[in-house]
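Asks: Can you keep this structure in mind? I'll have questions shortly.
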Amino acid sequence: MLTDDGVPVEAAYRPARPPGGPGGSGGGSGGGPGPAGGKPGKRASDGPVIVVAHGFTGSLGRPAVQRVADVFAEHAAVVTFSFRGHGRSGGHSTVGDREVLDLAAAVRWARSFGHHRVATVGFSMGGSVVIRHAALYGPNAPADGSVPGPGSRSAPADRPGVTAEGRTGAGTDAVVAVSAPARWYYRGTAPMRRLHWVVTRPAGRIVGRYGLRTRIDDREWDPVPLSPVASVPLIAPVPLLVVHGDRDPYFPVDHPHSLLAAAPSPDAVELWLERGMGHAENAVAPPLLHRIADWLDSR
């Protein structure tokens, strides 16, 4: 795919498969960079598709991301991709800022297979991205240019709309954020202090590039992007599910509770606080992934 600001992003598509059926990517339409929104040779079913947004230092090829996709494929078609600076994608990671453009490209690509219903599921950094994406590409998107555009911070011209056939363009129909932060610059845990060292220090970015296989942009955010907690009030009527573990070593439980408290109405956000769960895709067991997929199906 190619994002609105010209970054090539690797992606893979797998059709839905029955439980117990063979796994693996399908359609011959994933892998290397290519033109955004390119129509596949064979259109898939117009059933739902789940777009998976991995965490920082992840990629579509990581075993944890593959496991998530395998489980979700028992319920719907699945698109996985690698954020900029990760895997075989181009560019440099901005740790949640311009990654909304990567997700928007993935959603458009998912719709190009004929799917009218698209859900986004993000983990950790990907969780913050799916929340911000739902706000910035939704019906309540701010008109102040909060969506980063090519070479500027201006909003793209094709803001999605709601039609009789469902949401169109780069918008989503349902959102699940797993192990997501509520606010930026959090340093309250040892893992987050280490992550900030990796992101902000030259030596840390070398460790990120060669040790974590993640290329990190050396520029500070300018302007600071809309935070996840500030994005939540803009998402409704798109349903939002927040999933968080009570043993998350990165973000304590005040983060999901802050996201829940930001909801514009009691039914706009649902929170699952999972007992004994750690952080992100590495900690999510298949039974929980099935429950998430069932929640999406019910919405």
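Following the order of the structure tokens, first chain is A, next is B, and so on, with residues numbered from 1 inside each chain and ligands from 1 in the order they appear.
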Skipping near chain neighbours, those fewer than 6 positions away, what residues fall within 9 Å of Thr189 of chain A using only C-alpha atoms, listed as a PDB file with all heavy atoms, in the first residue's frame?
Replies:
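Saved file result.pdb follows:
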```
ATOM      1  N   PRO A 249       2.290  -4.438  32.521  1.00  0.00           N
ATOM      2  CA  PRO A 249       3.484  -3.798  33.087  1.00  0.00           C
ATOM      3  C   PRO A 249       3.776  -2.422  32.490  1.00  0.00           C
ATOM      4  O   PRO A 249       4.616  -1.704  33.031  1.00  0.00           O
ATOM      5  CB  PRO A 249       4.598  -4.794  32.739  1.00  0.00           C
ATOM      6  CG  PRO A 249       4.137  -5.452  31.482  1.00  0.00           C
ATOM      7  CD  PRO A 249       2.633  -5.547  31.603  1.00  0.00           C
ATOM      8  N   TYR A 250       3.125  -2.061  31.394  1.00  0.00           N
ATOM      9  CA  TYR A 250       3.374  -0.780  30.739  1.00  0.00           C
ATOM     10  C   TYR A 250       2.403   0.301  31.207  1.00  0.00           C
ATOM     11  O   TYR A 250       2.821   1.393  31.587  1.00  0.00           O
ATOM     12  CB  TYR A 250       3.278  -0.932  29.213  1.00  0.00           C
ATOM     13  CG  TYR A 250       4.438  -1.649  28.594  1.00  0.00           C
ATOM     14  CD1 TYR A 250       4.506  -3.037  28.591  1.00  0.00           C
ATOM     15  CD2 TYR A 250       5.483  -0.947  27.988  1.00  0.00           C
ATOM     16  CE1 TYR A 250       5.585  -3.707  28.023  1.00  0.00           C
ATOM     17  CE2 TYR A 250       6.565  -1.599  27.412  1.00  0.00           C
ATOM     18  CZ  TYR A 250       6.607  -2.984  27.438  1.00  0.00           C
ATOM     19  OH  TYR A 250       7.667  -3.643  26.876  1.00  0.00           O
ATOM     20  N   PHE A 251       1.109   0.011  31.128  1.00  0.00           N
ATOM     21  CA  PHE A 251       0.094   1.011  31.440  1.00  0.00           C
ATOM     22  C   PHE A 251      -0.832   0.468  32.530  1.00  0.00           C
ATOM     23  O   PHE A 251      -1.552  -0.510  32.282  1.00  0.00           O
ATOM     24  CB  PHE A 251      -0.725   1.357  30.196  1.00  0.00           C
ATOM     25  CG  PHE A 251       0.108   1.815  29.028  1.00  0.00           C
ATOM     26  CD1 PHE A 251       0.194   1.052  27.870  1.00  0.00           C
ATOM     27  CD2 PHE A 251       0.816   3.002  29.091  1.00  0.00           C
ATOM     28  CE1 PHE A 251       0.965   1.460  26.800  1.00  0.00           C
ATOM     29  CE2 PHE A 251       1.598   3.421  28.034  1.00  0.00           C
ATOM     30  CZ  PHE A 251       1.674   2.652  26.880  1.00  0.00           C
ATOM     31  N   PRO A 252      -0.845   1.068  33.715  1.00  0.00           N
ATOM     32  CA  PRO A 252      -1.743   0.602  34.771  1.00  0.00           C
ATOM     33  C   PRO A 252      -3.199   0.869  34.423  1.00  0.00           C
ATOM     34  O   PRO A 252      -3.518   1.523  33.421  1.00  0.00           O
ATOM     35  CB  PRO A 252      -1.290   1.401  35.993  1.00  0.00           C
ATOM     36  CG  PRO A 252      -0.588   2.599  35.446  1.00  0.00           C
ATOM     37  CD  PRO A 252       0.027   2.174  34.147  1.00  0.00           C
TER      38      PRO A 252
END
```
Asks: For the interface of segment 152-260 of chain A with segment 103-126 of chain A (cut-off 10 Å, counting only C-alpha atoms), please tabulate each contacting residue of segment 152-260 of chain A alongside its nearest pair of atoms and their separation in Å to one decimal, rows sorted by chain and increasing number, as a tab-separated table.
Replies:
```
residue	atom	partner	partner_atom	distance
A:Glu165	CA	A:His116	CA	7.0
A:Gly166	CA	A:His116	CA	6.2
A:Arg167	CA	A:His116	CA	7.2
A:Thr168	CA	A:His116	CA	7.6
A:Gly169	CA	A:Arg108	CA	5.7
A:Ala170	CA	A:Ala104	CA	4.9
A:Gly171	CA	A:Val107	CA	7.1
A:Thr172	CA	A:Val118	CA	5.5
A:Asp173	CA	A:Val118	CA	5.5
A:Ala174	CA	A:Ala119	CA	4.7
A:Val175	CA	A:Thr120	CA	5.1
A:Val176	CA	A:Val121	CA	4.6
A:Ala177	CA	A:Gly122	CA	5.1
A:Val178	CA	A:Phe123	CA	4.7
A:Ser179	CA	A:Ser124	CA	4.8
A:Ala180	CA	A:Ser124	CA	4.4
A:Pro181	CA	A:Ser124	CA	6.8
A:Val238	CA	A:Ala119	CA	10.0
A:Pro239	CA	A:Ala119	CA	9.8
A:Leu240	CA	A:Thr120	CA	9.8
A:Leu241	CA	A:Val121	CA	9.3
A:Val242	CA	A:Gly122	CA	10.0
A:Val243	CA	A:Phe123	CA	9.4
A:His244	CA	A:Ser124	CA	9.7
A:Tyr250	CA	A:Ser124	CA	9.0
A:Phe251	CA	A:Ser124	CA	9.1
```
Asks: Can I get the selection written as a PDB file, in the first residue's frame, with N, CA and C atoms?
Replies:
```
ATOM      1  N   GLU A 165     -25.065   2.055   2.383  1.00  0.00           N
ATOM      2  CA  GLU A 165     -24.299   0.822   2.244  1.00  0.00           C
ATOM      3  C   GLU A 165     -23.276   0.646   3.368  1.00  0.00           C
ATOM      4  N   GLY A 166     -23.215   1.575   4.312  1.00  0.00           N
ATOM      5  CA  GLY A 166     -22.246   1.487   5.390  1.00  0.00           C
ATOM      6  C   GLY A 166     -21.184   2.553   5.230  1.00  0.00           C
ATOM      7  N   ARG A 167     -20.262   2.571   6.173  1.00  0.00           N
ATOM      8  CA  ARG A 167     -19.199   3.570   6.137  1.00  0.00           C
ATOM      9  C   ARG A 167     -18.313   3.336   4.921  1.00  0.00           C
ATOM     10  N   THR A 168     -17.813   4.409   4.346  1.00  0.00           N
ATOM     11  CA  THR A 168     -17.010   4.310   3.143  1.00  0.00           C
ATOM     12  C   THR A 168     -15.617   4.860   3.390  1.00  0.00           C
ATOM     13  N   GLY A 169     -14.747   4.675   2.432  1.00  0.00           N
ATOM     14  CA  GLY A 169     -13.425   5.263   2.490  1.00  0.00           C
ATOM     15  C   GLY A 169     -12.553   4.675   3.573  1.00  0.00           C
ATOM     16  N   ALA A 170     -11.881   5.546   4.329  1.00  0.00           N
ATOM     17  CA  ALA A 170     -10.891   5.114   5.302  1.00  0.00           C
ATOM     18  C   ALA A 170     -11.448   4.970   6.706  1.00  0.00           C
ATOM     19  N   GLY A 171     -12.745   5.211   6.906  1.00  0.00           N
ATOM     20  CA  GLY A 171     -13.326   5.115   8.244  1.00  0.00           C
ATOM     21  C   GLY A 171     -13.592   3.687   8.655  1.00  0.00           C
ATOM     22  N   THR A 172     -13.849   3.504   9.935  1.00  0.00           N
ATOM     23  CA  THR A 172     -14.103   2.179  10.489  1.00  0.00           C
ATOM     24  C   THR A 172     -15.523   2.088  11.022  1.00  0.00           C
ATOM     25  N   ASP A 173     -16.006   0.854  11.186  1.00  0.00           N
ATOM     26  CA  ASP A 173     -17.362   0.620  11.683  1.00  0.00           C
ATOM     27  C   ASP A 173     -17.392   0.177  13.137  1.00  0.00           C
ATOM     28  N   ALA A 174     -16.273  -0.267  13.675  1.00  0.00           N
ATOM     29  CA  ALA A 174     -16.177  -0.675  15.073  1.00  0.00           C
ATOM     30  C   ALA A 174     -14.700  -0.675  15.451  1.00  0.00           C
ATOM     31  N   VAL A 175     -14.417  -0.405  16.733  1.00  0.00           N
ATOM     32  CA  VAL A 175     -13.037  -0.231  17.189  1.00  0.00           C
ATOM     33  C   VAL A 175     -12.814  -1.039  18.459  1.00  0.00           C
ATOM     34  N   VAL A 176     -11.666  -1.720  18.520  1.00  0.00           N
ATOM     35  CA  VAL A 176     -11.239  -2.404  19.740  1.00  0.00           C
ATOM     36  C   VAL A 176      -9.804  -1.975  20.032  1.00  0.00           C
ATOM     37  N   ALA A 177      -9.573  -1.418  21.216  1.00  0.00           N
ATOM     38  CA  ALA A 177      -8.239  -1.005  21.635  1.00  0.00           C
ATOM     39  C   ALA A 177      -7.798  -1.885  22.800  1.00  0.00           C
ATOM     40  N   VAL A 178      -6.714  -2.622  22.601  1.00  0.00           N
ATOM     41  CA  VAL A 178      -6.206  -3.551  23.610  1.00  0.00           C
ATOM     42  C   VAL A 178      -4.894  -2.994  24.168  1.00  0.00           C
ATOM     43  N   SER A 179      -4.817  -2.853  25.484  1.00  0.00           N
ATOM     44  CA  SER A 179      -3.599  -2.398  26.169  1.00  0.00           C
ATOM     45  C   SER A 179      -3.161  -1.020  25.680  1.00  0.00           C
ATOM     46  N   ALA A 180      -4.108  -0.160  25.384  1.00  0.00           N
ATOM     47  CA  ALA A 180      -3.782   1.155  24.826  1.00  0.00           C
ATOM     48  C   ALA A 180      -3.508   2.180  25.920  1.00  0.00           C
ATOM     49  N   PRO A 181      -2.584   3.111  25.658  1.00  0.00           N
ATOM     50  CA  PRO A 181      -2.415   4.230  26.589  1.00  0.00           C
ATOM     51  C   PRO A 181      -3.556   5.223  26.430  1.00  0.00           C
ATOM     52  N   VAL A 238     -19.761   5.235  16.417  1.00  0.00           N
ATOM     53  CA  VAL A 238     -18.991   4.012  16.163  1.00  0.00           C
ATOM     54  C   VAL A 238     -18.713   3.336  17.500  1.00  0.00           C
ATOM     55  N   PRO A 239     -19.039   2.053  17.655  1.00  0.00           N
ATOM     56  CA  PRO A 239     -18.822   1.378  18.945  1.00  0.00           C
ATOM     57  C   PRO A 239     -17.343   1.190  19.250  1.00  0.00           C
ATOM     58  N   LEU A 240     -16.975   1.379  20.523  1.00  0.00           N
ATOM     59  CA  LEU A 240     -15.597   1.250  20.977  1.00  0.00           C
ATOM     60  C   LEU A 240     -15.532   0.294  22.154  1.00  0.00           C
ATOM     61  N   LEU A 241     -14.643  -0.689  22.060  1.00  0.00           N
ATOM     62  CA  LEU A 241     -14.365  -1.618  23.153  1.00  0.00           C
ATOM     63  C   LEU A 241     -12.928  -1.411  23.602  1.00  0.00           C
ATOM     64  N   VAL A 242     -12.732  -1.210  24.900  1.00  0.00           N
ATOM     65  CA  VAL A 242     -11.405  -1.070  25.492  1.00  0.00           C
ATOM     66  C   VAL A 242     -11.121  -2.331  26.302  1.00  0.00           C
ATOM     67  N   VAL A 243     -10.012  -3.001  25.988  1.00  0.00           N
ATOM     68  CA  VAL A 243      -9.620  -4.236  26.676  1.00  0.00           C
ATOM     69  C   VAL A 243      -8.267  -3.992  27.328  1.00  0.00           C
ATOM     70  N   HIS A 244      -8.150  -4.334  28.609  1.00  0.00           N
ATOM     71  CA  HIS A 244      -6.897  -4.057  29.323  1.00  0.00           C
ATOM     72  C   HIS A 244      -6.680  -5.117  30.397  1.00  0.00           C
ATOM     73  N   TYR A 250       3.125  -2.061  31.394  1.00  0.00           N
ATOM     74  CA  TYR A 250       3.374  -0.780  30.739  1.00  0.00           C
ATOM     75  C   TYR A 250       2.403   0.301  31.207  1.00  0.00           C
ATOM     76  N   PHE A 251       1.109   0.011  31.128  1.00  0.00           N
ATOM     77  CA  PHE A 251       0.094   1.011  31.440  1.00  0.00           C
ATOM     78  C   PHE A 251      -0.832   0.468  32.530  1.00  0.00           C
TER      79      PHE A 251
END
```
Asks: In Å, with one decimal, what is the gap from atom CA of Asp294 of chain A to atom CA of Gly96 of chain A?
Replies: 27.2 Å
Asks: Using only C-alpha atoms, determine which residues lie at most 12 Å from Leu195 of chain A, disregarding the query and same-chain residues fewer than 6 positions distant; provide the list as a compact mmCIF listing (two decimals) with N, CA and C atoms, in the first residue's frame.
Replies:
```txt
# COMPACT_ATOMS: atom_id res chain seq x y z
N PHE A 56 4.16 -1.34 19.11
CA PHE A 56 5.48 -0.83 18.81
C PHE A 56 6.49 -1.97 18.80
N THR A 57 7.34 -2.01 17.79
CA THR A 57 8.36 -3.03 17.49
C THR A 57 7.76 -4.30 16.90
N VAL A 95 5.73 6.67 16.39
CA VAL A 95 5.23 6.17 17.67
C VAL A 95 3.79 6.60 17.92
N MET A 125 0.59 0.53 21.11
CA MET A 125 0.65 1.68 20.21
C MET A 125 -0.45 1.58 19.17
N TYR A 185 3.28 10.69 26.69
CA TYR A 185 4.45 11.00 27.54
C TYR A 185 4.40 10.30 28.90
N TYR A 186 3.68 9.19 28.98
CA TYR A 186 3.59 8.50 30.26
C TYR A 186 4.91 7.79 30.57
N ARG A 187 5.45 8.03 31.76
CA ARG A 187 6.71 7.42 32.19
C ARG A 187 6.58 6.78 33.57
N GLY A 188 5.39 6.39 33.93
CA GLY A 188 5.15 5.92 35.30
C GLY A 188 5.56 4.50 35.59
N THR A 189 6.00 3.74 34.58
CA THR A 189 6.45 2.37 34.80
C THR A 189 7.84 2.21 34.20
N ARG A 201 16.51 9.06 22.59
CA ARG A 201 17.96 9.20 22.63
C ARG A 201 18.60 8.59 21.38
N GLY A 204 19.49 5.12 21.92
CA GLY A 204 18.28 4.30 22.00
C GLY A 204 17.72 3.97 20.62
N ARG A 205 17.77 4.94 19.71
CA ARG A 205 17.26 4.68 18.37
C ARG A 205 18.15 3.69 17.61
N VAL A 207 19.63 1.18 19.16
CA VAL A 207 19.14 -0.08 19.72
C VAL A 207 17.82 -0.47 19.06
N GLY A 208 16.95 0.53 18.86
CA GLY A 208 15.68 0.24 18.21
C GLY A 208 15.86 -0.29 16.80
N LEU A 212 15.77 -4.02 17.93
CA LEU A 212 14.31 -4.22 17.89
C LEU A 212 13.75 -4.19 16.48
N ILE A 216 13.14 4.51 13.96
CA ILE A 216 12.38 5.53 14.71
C ILE A 216 12.76 6.91 14.21
N TYR A 250 3.13 -2.06 31.39
CA TYR A 250 3.37 -0.78 30.74
C TYR A 250 2.40 0.30 31.21
```
Asks: Just the residues within 9 Å of Ser82 of chain A, please, counting only C-alpha atoms, with nothing from its chain fewer than 5 positions along; format it as a PDB file with N, CA, C and O atoms, in the first residue's frame.
Replies:
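To be explicit, this is the file written out as around-v7.pdb:
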```pdb
ATOM      1  N   VAL A   9       3.767   0.659   2.621  1.00  0.00           N
ATOM      2  CA  VAL A   9       3.438  -0.143   3.797  1.00  0.00           C
ATOM      3  C   VAL A   9       3.080  -1.553   3.352  1.00  0.00           C
ATOM      4  O   VAL A   9       2.198  -1.747   2.512  1.00  0.00           O
ATOM      5  N   GLU A  10       3.779  -2.553   3.916  1.00  0.00           N
ATOM      6  CA  GLU A  10       3.479  -3.941   3.567  1.00  0.00           C
ATOM      7  C   GLU A  10       2.182  -4.384   4.248  1.00  0.00           C
ATOM      8  O   GLU A  10       1.878  -3.962   5.360  1.00  0.00           O
ATOM      9  N   ALA A  11       1.419  -5.222   3.564  1.00  0.00           N
ATOM     10  CA  ALA A  11       0.150  -5.696   4.105  1.00  0.00           C
ATOM     11  C   ALA A  11      -0.153  -7.077   3.557  1.00  0.00           C
ATOM     12  O   ALA A  11       0.375  -7.478   2.517  1.00  0.00           O
ATOM     13  N   ALA A  53      -3.893  -3.849  13.984  1.00  0.00           N
ATOM     14  CA  ALA A  53      -2.821  -2.866  14.140  1.00  0.00           C
ATOM     15  C   ALA A  53      -1.927  -3.301  15.296  1.00  0.00           C
ATOM     16  O   ALA A  53      -2.347  -3.297  16.459  1.00  0.00           O
ATOM     17  N   HIS A  54      -0.686  -3.673  14.988  1.00  0.00           N
ATOM     18  CA  HIS A  54       0.216  -4.233  15.993  1.00  0.00           C
ATOM     19  C   HIS A  54       0.797  -3.151  16.904  1.00  0.00           C
ATOM     20  O   HIS A  54       0.646  -1.945  16.685  1.00  0.00           O
ATOM     21  N   GLY A  58       6.455  -4.329  16.636  1.00  0.00           N
ATOM     22  CA  GLY A  58       5.848  -5.500  16.014  1.00  0.00           C
ATOM     23  C   GLY A  58       5.908  -5.415  14.496  1.00  0.00           C
ATOM     24  O   GLY A  58       6.532  -4.521  13.917  1.00  0.00           O
ATOM     25  N   SER A  59       5.252  -6.351  13.831  1.00  0.00           N
ATOM     26  CA  SER A  59       5.111  -6.354  12.373  1.00  0.00           C
ATOM     27  C   SER A  59       4.139  -7.462  12.018  1.00  0.00           C
ATOM     28  O   SER A  59       3.802  -8.304  12.856  1.00  0.00           O
ATOM     29  N   LEU A  60       3.696  -7.477  10.756  1.00  0.00           N
ATOM     30  CA  LEU A  60       2.724  -8.499  10.364  1.00  0.00           C
ATOM     31  C   LEU A  60       3.309  -9.902  10.423  1.00  0.00           C
ATOM     32  O   LEU A  60       2.584 -10.884  10.513  1.00  0.00           O
ATOM     33  N   GLY A  61       4.646 -10.029  10.375  1.00  0.00           N
ATOM     34  CA  GLY A  61       5.261 -11.347  10.396  1.00  0.00           C
ATOM     35  C   GLY A  61       5.547 -11.894  11.772  1.00  0.00           C
ATOM     36  O   GLY A  61       5.951 -13.058  11.899  1.00  0.00           O
ATOM     37  N   GLY A  87       9.008  -3.902  10.170  1.00  0.00           N
ATOM     38  CA  GLY A  87       8.949  -4.945   9.154  1.00  0.00           C
ATOM     39  C   GLY A  87       9.546  -4.490   7.842  1.00  0.00           C
ATOM     40  O   GLY A  87      10.604  -3.865   7.790  1.00  0.00           O
ATOM     41  N   ARG A  88       8.836  -4.789   6.754  1.00  0.00           N
ATOM     42  CA  ARG A  88       9.297  -4.403   5.419  1.00  0.00           C
ATOM     43  C   ARG A  88       8.658  -3.112   4.922  1.00  0.00           C
ATOM     44  O   ARG A  88       8.787  -2.767   3.752  1.00  0.00           O
ATOM     45  N   SER A  89       7.964  -2.407   5.812  1.00  0.00           N
ATOM     46  CA  SER A  89       7.400  -1.113   5.435  1.00  0.00           C
ATOM     47  C   SER A  89       8.497  -0.065   5.382  1.00  0.00           C
ATOM     48  O   SER A  89       9.548  -0.198   6.004  1.00  0.00           O
ATOM     49  N   ASP A 102      -1.179   5.101   8.007  1.00  0.00           N
ATOM     50  CA  ASP A 102      -0.959   3.696   7.665  1.00  0.00           C
ATOM     51  C   ASP A 102      -2.251   2.902   7.846  1.00  0.00           C
ATOM     52  O   ASP A 102      -2.629   2.084   6.994  1.00  0.00           O
TER      53      ASP A 102
END
```
Asks: Write out as a list of chain:residue names each polymer residue whose atoms come within 7 Å of Pro228 of chain A, counting only C-alpha atoms; drop sequence neighbours fewer than 5 positions from it.
Replies: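 These residues fall inside the cut-off: A:Ser128, A:Ile131, A:Arg132, A:Ala182, A:Arg183.
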Asks: Step one, run DSSP on the backbone; step two, keep only residues of segment 139-271 of chain A assigned to strand (DSSP E or B); then write them as a list in words.
Replies: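 Residues meeting the strand (DSSP E or B) criterion: Gly149, Ser152, Val162, Thr163, Gly166, Arg167, Ala174, Val175, Val176, Ala177, Val178, Thr214, Ile216, Leu240, Leu241, Val242, Val243, His244, Gly245, Val269, Glu270 and Leu271 of chain A.
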Asks: As an exercise, work out the distance from atom CA of Val7 of chain A to atom CA of Gly138 of chain A in Å and give it to one decimal place.
Replies: 22.5 Å
Asks: Hey, what does DSSP flag as helix (DSSP H, G or I) within segment 113-296 of chain A? Can you give it to me as a PyMOL selection string?
Replies: chain A and resi 125-136+190-200+202-210+228-234+254-261+280-283+286-296
Asks: Given only C-alpha atoms as the basis, pick out the residue of A:Gly245, A:Pro8, A:Gly47, A:Pro148 nearest to Ala280 of chain A.
Replies: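 Once distances to Ala280 of chain A are computed over only C-alpha atoms, the minimum belongs to A:Gly245.
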Asks: Tell me, as a PyMOL selection string, which residues lie within 9 Å of Asp297 of chain A, counting only C-alpha atoms; anything in the same chain fewer than 6 positions away does not count.
Replies: chain A and resi 48+75-76
Asks: Name the closest residue to Gly276 of chain A among the candidates A:Leu289, A:Asp254, A:Val71, A:Asp246; distances are taken between atoms, counting only C-alpha atoms.
Replies: A:Asp246
Asks: What is the atom CA of Val232 of chain A-atom CA of Phe72 of chain A distance in Å, reported with one decimal?
Replies: 24.6 Å
